[in-house]
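Note sheet for the following structure.
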Amino acid sequence: MEHLPKISIVIPSYNKAEYIGKTLQSIITQKYPRLEVIIQDGGSTDATVAAIGKYAKRYPKIIRWESKRDNGQTDAINKGLKKATGEVLAYLNADDIYCEGALKRVGEYFVKHPQTLWLAGRGKVIDSKGKTISSWVSEYKNFLLSKNRYWVLLMVNYLMQPSVFLSRRAYDKYGPFSGTKTSVMEYDLWLKLGRVQMPKRVNKCLSGFRMSGDNISSTAFRETLRADDKIVEKYTDNPVILALHYLHNIARTLLVYSN
């Protein structure tokens, strides 16, 4: 499997001691032969650093890390990606996981389709215990991924972020990620790339996105949706698409606050 591309995975972390071991374990157990994991920790004050150190000591050829204050998640991701040496790039939050066999599927796809700018797979939502939840949300997003049209992406950000992988040339040309101190606006990069080439697809689950109940606040959710609206306005002035996008975000808000 020496022909497989090197995959670099950046993990931004801050006080994720409860989950980061599971995240790292989900990467290591992939047994992908050409792998680089770069952990950018923002100066955690819990046991996160100890957990990272344990894995880094066990897998020194794979894991590189540092822990110091940064300007938030987006800053950590971009710093990590600057250090990355892989041909395929991704970021995985410190509480998310990869599904079994995900990296092999990704590597093999890029080998067979070398002109691919970026690749997206299916995903699932998991709770703090790793149990699949909100399956209808996953199925909805995965259904839209099967259609994979730019005008649909303008209306709905249906890509499961941990299931997205970028070629080096795509990130170098269209990156870095933009965002605030508290959230990454990966949607901006998705729409920028989508105008050039829609993501190629792997019809398998590549990741689990964890909703633990403590990784998003009500204020942050509202701010994210406002930023989401501004992003799509950069890429289209079609009144129908914009109206549908706004309506979709209103529905998301009502759904979140009704639970």
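Residue names in the structure tokens use chain letters A, B, ... in the order shown, residue numbers from 1 in each chain, and ligand numbers from 1 in the order shown.
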
- [ ] Determine, counting only C-alpha atoms, which protein, DNA and RNA residues have an atom within 12 Å of an atom of Ser146 of chain A; residues of the same chain fewer than 3 positions away are not included. Present the result as an MDAnalysis selection string.
- [x] chainID A and resid 120:122 139:143 149 152:153 158:159 198:204

Keeping only N, CA and C atoms, write the selected residues as a PDB file, in the first residue's frame.
ATOM      1  N   ALA A 120     -15.845  13.954  -0.389  1.00  0.00           N
ATOM      2  CA  ALA A 120     -16.766  13.946   0.757  1.00  0.00           C
ATOM      3  C   ALA A 120     -17.431  12.582   0.866  1.00  0.00           C
ATOM      4  N   GLY A 121     -17.628  12.144   2.090  1.00  0.00           N
ATOM      5  CA  GLY A 121     -18.317  10.893   2.336  1.00  0.00           C
ATOM      6  C   GLY A 121     -19.517  11.095   3.238  1.00  0.00           C
ATOM      7  N   ARG A 122     -20.191  10.017   3.492  1.00  0.00           N
ATOM      8  CA  ARG A 122     -21.327  10.056   4.404  1.00  0.00           C
ATOM      9  C   ARG A 122     -20.835  10.230   5.837  1.00  0.00           C
ATOM     10  N   GLU A 139     -29.346  11.159   7.664  1.00  0.00           N
ATOM     11  CA  GLU A 139     -29.930  10.647   6.421  1.00  0.00           C
ATOM     12  C   GLU A 139     -30.312  11.789   5.482  1.00  0.00           C
ATOM     13  N   TYR A 140     -30.806  12.878   6.051  1.00  0.00           N
ATOM     14  CA  TYR A 140     -31.157  14.056   5.257  1.00  0.00           C
ATOM     15  C   TYR A 140     -29.922  14.614   4.554  1.00  0.00           C
ATOM     16  N   LYS A 141     -28.846  14.804   5.317  1.00  0.00           N
ATOM     17  CA  LYS A 141     -27.612  15.341   4.729  1.00  0.00           C
ATOM     18  C   LYS A 141     -27.005  14.353   3.736  1.00  0.00           C
ATOM     19  N   ASN A 142     -27.025  13.076   4.072  1.00  0.00           N
ATOM     20  CA  ASN A 142     -26.455  12.084   3.171  1.00  0.00           C
ATOM     21  C   ASN A 142     -27.264  11.952   1.889  1.00  0.00           C
ATOM     22  N   PHE A 143     -28.579  12.153   1.984  1.00  0.00           N
ATOM     23  CA  PHE A 143     -29.414  12.151   0.783  1.00  0.00           C
ATOM     24  C   PHE A 143     -29.045  13.320  -0.131  1.00  0.00           C
ATOM     25  N   ARG A 149     -25.346  18.821  -5.864  1.00  0.00           N
ATOM     26  CA  ARG A 149     -25.427  19.913  -6.838  1.00  0.00           C
ATOM     27  C   ARG A 149     -25.068  21.219  -6.155  1.00  0.00           C
ATOM     28  N   VAL A 152     -27.886  23.167  -4.625  1.00  0.00           N
ATOM     29  CA  VAL A 152     -28.360  22.571  -3.377  1.00  0.00           C
ATOM     30  C   VAL A 152     -27.420  22.947  -2.232  1.00  0.00           C
ATOM     31  N   LEU A 153     -26.119  22.946  -2.503  1.00  0.00           N
ATOM     32  CA  LEU A 153     -25.146  23.329  -1.486  1.00  0.00           C
ATOM     33  C   LEU A 153     -25.316  24.794  -1.080  1.00  0.00           C
ATOM     34  N   TYR A 158     -24.874  20.682   3.356  1.00  0.00           N
ATOM     35  CA  TYR A 158     -25.176  19.293   3.675  1.00  0.00           C
ATOM     36  C   TYR A 158     -23.927  18.445   3.918  1.00  0.00           C
ATOM     37  N   LEU A 159     -22.743  19.020   3.756  1.00  0.00           N
ATOM     38  CA  LEU A 159     -21.522  18.238   3.943  1.00  0.00           C
ATOM     39  C   LEU A 159     -21.227  18.041   5.427  1.00  0.00           C
ATOM     40  N   MET A 198     -17.426  20.277  -7.767  1.00  0.00           N
ATOM     41  CA  MET A 198     -18.145  19.735  -6.621  1.00  0.00           C
ATOM     42  C   MET A 198     -17.374  18.549  -6.050  1.00  0.00           C
ATOM     43  N   PRO A 199     -17.523  18.287  -4.753  1.00  0.00           N
ATOM     44  CA  PRO A 199     -16.734  17.196  -4.178  1.00  0.00           C
ATOM     45  C   PRO A 199     -17.082  15.857  -4.804  1.00  0.00           C
ATOM     46  N   LYS A 200     -16.064  15.051  -5.027  1.00  0.00           N
ATOM     47  CA  LYS A 200     -16.311  13.667  -5.405  1.00  0.00           C
ATOM     48  C   LYS A 200     -16.850  12.956  -4.168  1.00  0.00           C
ATOM     49  N   ARG A 201     -17.494  11.818  -4.367  1.00  0.00           N
ATOM     50  CA  ARG A 201     -18.216  11.199  -3.258  1.00  0.00           C
ATOM     51  C   ARG A 201     -17.756   9.771  -2.980  1.00  0.00           C
ATOM     52  N   VAL A 202     -17.763   9.438  -1.704  1.00  0.00           N
ATOM     53  CA  VAL A 202     -17.608   8.063  -1.257  1.00  0.00           C
ATOM     54  C   VAL A 202     -18.904   7.708  -0.540  1.00  0.00           C
ATOM     55  N   ASN A 203     -19.589   6.700  -1.029  1.00  0.00           N
ATOM     56  CA  ASN A 203     -20.903   6.361  -0.486  1.00  0.00           C
ATOM     57  C   ASN A 203     -20.791   5.434   0.721  1.00  0.00           C
ATOM     58  N   LYS A 204     -19.906   5.811   1.642  1.00  0.00           N
ATOM     59  CA  LYS A 204     -19.707   5.062   2.880  1.00  0.00           C
ATOM     60  C   LYS A 204     -19.572   6.060   4.022  1.00  0.00           C
TER      61      LYS A 204
END

Check which residues of segment 146-249 of chain A sit at most 12 Å from segment 14-32 of chain A using only C-alpha atoms, and return one row each with the closest pair of atoms and their distance in Å to one decimal, ordered by chain and rising number, as a Markdown table.
| residue | atom | partner | partner_atom | distance |
| --- | --- | --- | --- | --- |
| A:Pro162 | CA | A:Thr23 | CA | 11.5 |
| A:Thr182 | CA | A:Tyr14 | CA | 11.3 |
| A:Leu206 | CA | A:Ser26 | CA | 11.0 |
| A:Ser207 | CA | A:Ser26 | CA | 9.5 |
| A:Gly208 | CA | A:Thr23 | CA | 9.8 |
| A:Phe209 | CA | A:Thr23 | CA | 10.6 |
| A:Arg210 | CA | A:Tyr19 | CA | 9.6 |
| A:Met211 | CA | A:Tyr19 | CA | 11.6 |
| A:Ser212 | CA | A:Tyr19 | CA | 9.9 |
| A:Asp214 | CA | A:Lys16 | CA | 10.6 |
| A:Asn215 | CA | A:Lys16 | CA | 9.9 |

Store the residues picked out above in a file with N, CA and C atoms, as a short mmCIF file (atom, residue, chain, number, x, y, z; two decimals), in the first residue's frame.
data_model
loop_
_atom_site.label_atom_id
_atom_site.label_comp_id
_atom_site.auth_asym_id
_atom_site.auth_seq_id
_atom_site.Cartn_x
_atom_site.Cartn_y
_atom_site.Cartn_z
N PRO A 162 -16.38 16.44 9.19
CA PRO A 162 -15.30 15.47 9.41
C PRO A 162 -15.15 14.46 8.28
N THR A 182 -14.67 31.26 17.90
CA THR A 182 -15.42 30.13 18.45
C THR A 182 -15.88 29.11 17.41
N LEU A 206 -17.77 7.91 6.69
CA LEU A 206 -16.37 8.21 6.97
C LEU A 206 -16.15 8.74 8.38
N SER A 207 -17.19 9.32 8.99
CA SER A 207 -16.95 9.95 10.30
C SER A 207 -18.19 9.97 11.17
N GLY A 208 -17.93 10.20 12.45
CA GLY A 208 -18.98 10.43 13.42
C GLY A 208 -18.80 11.81 14.03
N PHE A 209 -19.80 12.66 13.89
CA PHE A 209 -19.78 14.01 14.44
C PHE A 209 -20.45 13.97 15.80
N ARG A 210 -19.70 14.34 16.84
CA ARG A 210 -20.22 14.20 18.19
C ARG A 210 -21.01 15.43 18.64
N MET A 211 -22.24 15.20 19.08
CA MET A 211 -23.05 16.23 19.73
C MET A 211 -23.16 15.83 21.19
N SER A 212 -22.27 16.39 22.00
CA SER A 212 -22.18 15.98 23.40
C SER A 212 -23.01 16.84 24.33
N ASP A 214 -22.23 19.92 25.08
CA ASP A 214 -21.42 20.99 25.63
C ASP A 214 -20.49 21.61 24.59
N ASN A 215 -20.73 21.28 23.31
CA ASN A 215 -19.82 21.79 22.30
C ASN A 215 -20.42 22.92 21.46
#

- [ ] Could you give me, as an NGL selection string, the residues within 9 Å of segment 238-244 of chain A, counting only C-alpha atoms and dropping anything in the same chain fewer than 4 positions from it?
- [x] :A and (151-152 or 154-156 or 229 or 232-233 or 248-249)

- [ ] Rank nothing, just name the residue among A:Ser167, A:Trp190, A:Cys205, A:Gly86 nearest to Lys124 of chain A, using only C-alpha atoms.
- [x]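 The shortest atom-to-atom distance to Lys124 of chain A comes from A:Cys205.
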
- [ ] Pick out the closest residue to Cys99 of chain A from this set: A:Ser135, A:Lys68, A:Gly43, A:Ser163. Count only C-alpha atoms.
- [x]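 Residue with the minimum atom-to-atom distance to Cys99 of chain A: A:Ser163.
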
Task: Selection: 10 Å around Asp188 of chain A, only C-alpha atoms, excl. self and same-chain fewer than 6 positions, as a PyMOL selection string - done: chain A and resi 157+175+177-179+194+227-228+230-232+234-235

Open item on the list: Using Å and a single decimal, report how far atom CA of Thr74 of chain A sits from atom CA of Met185 of chain A.
Closed with: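 We find that atom CA of Met185 of chain A and atom CA of Thr74 of chain A lie 8.3 Å from each other.
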
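With only C-alpha atoms as the atoms that count, the residue of A:Lys104, A:Lys147, A:Arg168, A:His245 with the shortest distance to Lys82 of chain A is A:Arg168.
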
TODO: as a PyMOL selection string, list the residues of segment 11-259 of chain A assigned to strand (DSSP E) by DSSP on the backbone atoms of this structure.
DONE: chain A and resi 11-13+35-41+63-67+88-91+97-98+118-126+132-133+164-167+200-210

- [ ] Check the DSSP output for the backbone and give back, as a VMD selection string, the residues of segment 5-251 of chain A in alpha helix (DSSP H).
- [x] chain A and resid 20 to 28 48 to 58 73 to 83 102 to 112 135 to 147 150 to 155 168 to 174 186 to 194 218 to 235 239 to 251

Restricting it to C-alpha atoms, dump the selection as a compact mmCIF listing (two decimals), in the first residue's frame.
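Result file follows (out.txt):
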# COMPACT_ATOMS: atom_id res chain seq x y z
CA ILE A 20 -9.59 13.11 22.63
CA GLY A 21 -8.38 9.60 23.42
CA LYS A 22 -11.35 8.16 21.53
CA THR A 23 -10.66 10.53 18.64
CA LEU A 24 -7.01 9.50 18.42
CA GLN A 25 -7.86 5.84 18.81
CA SER A 26 -10.28 6.07 15.88
CA ILE A 27 -7.39 7.37 13.76
CA ILE A 28 -4.70 4.94 14.92
CA THR A 48 -6.18 16.81 27.64
CA VAL A 49 -2.43 17.42 27.43
CA ALA A 50 -1.70 14.27 29.43
CA ALA A 51 -3.91 12.23 27.08
CA ILE A 52 -2.20 13.70 24.02
CA GLY A 53 1.24 13.06 25.48
CA LYS A 54 0.35 9.42 26.13
CA TYR A 55 -0.58 8.82 22.49
CA ALA A 56 2.30 10.90 21.12
CA LYS A 57 4.77 8.82 23.13
CA ARG A 58 3.23 5.61 21.83
CA GLN A 73 -10.43 26.93 16.65
CA THR A 74 -9.94 28.45 13.20
CA ASP A 75 -6.48 29.70 14.12
CA ALA A 76 -5.51 26.28 15.45
CA ILE A 77 -6.70 24.50 12.30
CA ASN A 78 -4.87 26.85 9.95
CA LYS A 79 -1.68 26.67 12.03
CA GLY A 80 -1.81 22.90 11.90
CA LEU A 81 -2.44 22.80 8.17
CA LYS A 82 0.57 25.05 7.59
CA LYS A 83 2.69 22.33 9.19
CA ALA A 102 -12.42 5.54 6.31
CA LEU A 103 -8.85 6.56 5.56
CA LYS A 104 -8.20 3.56 3.31
CA ARG A 105 -11.28 4.44 1.27
CA VAL A 106 -10.13 8.06 0.99
CA GLY A 107 -6.57 7.16 0.03
CA GLU A 108 -7.67 4.64 -2.58
CA TYR A 109 -10.09 7.13 -4.12
CA PHE A 110 -7.40 9.77 -4.56
CA VAL A 111 -5.10 7.18 -6.16
CA LYS A 112 -7.75 6.10 -8.66
CA SER A 135 -30.26 9.59 12.41
CA TRP A 136 -32.82 11.56 10.41
CA VAL A 137 -30.40 14.52 10.28
CA SER A 138 -27.63 12.28 8.95
CA GLU A 139 -29.93 10.65 6.42
CA TYR A 140 -31.16 14.06 5.26
CA LYS A 141 -27.61 15.34 4.73
CA ASN A 142 -26.45 12.08 3.17
CA PHE A 143 -29.41 12.15 0.78
CA LEU A 144 -28.49 15.68 -0.35
CA LEU A 145 -24.88 14.52 -0.76
CA SER A 146 -26.13 11.84 -3.15
CA LYS A 147 -27.60 14.66 -5.30
CA TYR A 150 -23.99 23.37 -6.31
CA TRP A 151 -27.38 25.05 -6.11
CA VAL A 152 -28.36 22.57 -3.38
CA LEU A 153 -25.15 23.33 -1.49
CA LEU A 154 -26.02 27.03 -1.67
CA MET A 155 -29.32 26.30 0.02
CA ARG A 168 -3.02 19.62 -1.19
CA ARG A 169 -3.41 21.69 -4.33
CA ALA A 170 -7.03 22.55 -3.47
CA TYR A 171 -6.12 23.84 -0.02
CA ASP A 172 -3.04 25.71 -1.25
CA LYS A 173 -5.09 27.48 -3.91
CA TYR A 174 -8.42 28.07 -2.14
CA GLU A 186 -15.88 25.79 6.52
CA TYR A 187 -18.98 26.52 4.43
CA ASP A 188 -17.13 29.43 2.85
CA LEU A 189 -14.38 27.12 1.57
CA TRP A 190 -16.92 24.51 0.45
CA LEU A 191 -18.73 27.09 -1.71
CA LYS A 192 -15.46 28.46 -3.06
CA LEU A 193 -14.34 24.97 -4.10
CA GLY A 194 -17.79 23.97 -5.30
CA SER A 218 -27.25 28.97 22.04
CA THR A 219 -25.41 32.22 21.36
CA ALA A 220 -22.77 30.47 19.23
CA PHE A 221 -25.51 28.69 17.26
CA ARG A 222 -27.26 31.96 16.40
CA GLU A 223 -23.96 33.59 15.45
CA THR A 224 -23.11 30.64 13.23
CA LEU A 225 -26.40 30.92 11.35
CA ARG A 226 -25.96 34.67 10.84
CA ALA A 227 -22.47 34.07 9.48
CA ASP A 228 -23.88 31.25 7.35
CA ASP A 229 -26.34 33.67 5.72
CA LYS A 230 -23.58 36.19 4.98
CA ILE A 231 -21.41 33.51 3.40
CA VAL A 232 -24.03 32.35 0.93
CA GLU A 233 -24.72 35.95 -0.08
CA LYS A 234 -21.11 36.13 -1.32
CA TYR A 235 -21.73 33.35 -3.82
CA PRO A 239 -33.53 35.47 -4.74
CA VAL A 240 -35.09 32.00 -4.80
CA ILE A 241 -31.95 30.25 -3.57
CA LEU A 242 -31.38 32.91 -0.91
CA ALA A 243 -34.98 32.68 0.29
CA LEU A 244 -34.77 28.89 0.55
CA HIS A 245 -31.46 29.18 2.40
CA TYR A 246 -32.94 31.64 4.91
CA LEU A 247 -36.02 29.47 5.41
CA HIS A 248 -33.86 26.44 6.01
CA ASN A 249 -31.90 28.28 8.71
CA ILE A 250 -35.11 29.48 10.34
CA ALA A 251 -36.27 25.86 10.46

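A straight line drawn from atom CA of Ile39 of chain A to atom CA of Leu117 of chain A is 24.0 Å long.
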
Task: atom CA of Ile133 of chain A to atom CA of Ile9 of chain A, straight-line distance in Å - done: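 For atom CA of Ile9 of chain A relative to atom CA of Ile133 of chain A, the distance reads 25.0 Å.
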
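The shortest atom-to-atom distance to Tyr98 of chain A, with only C-alpha atoms taken into account, belongs to A:Met160 out of A:Met160, A:Ser128, A:Gln40, A:Ile62.
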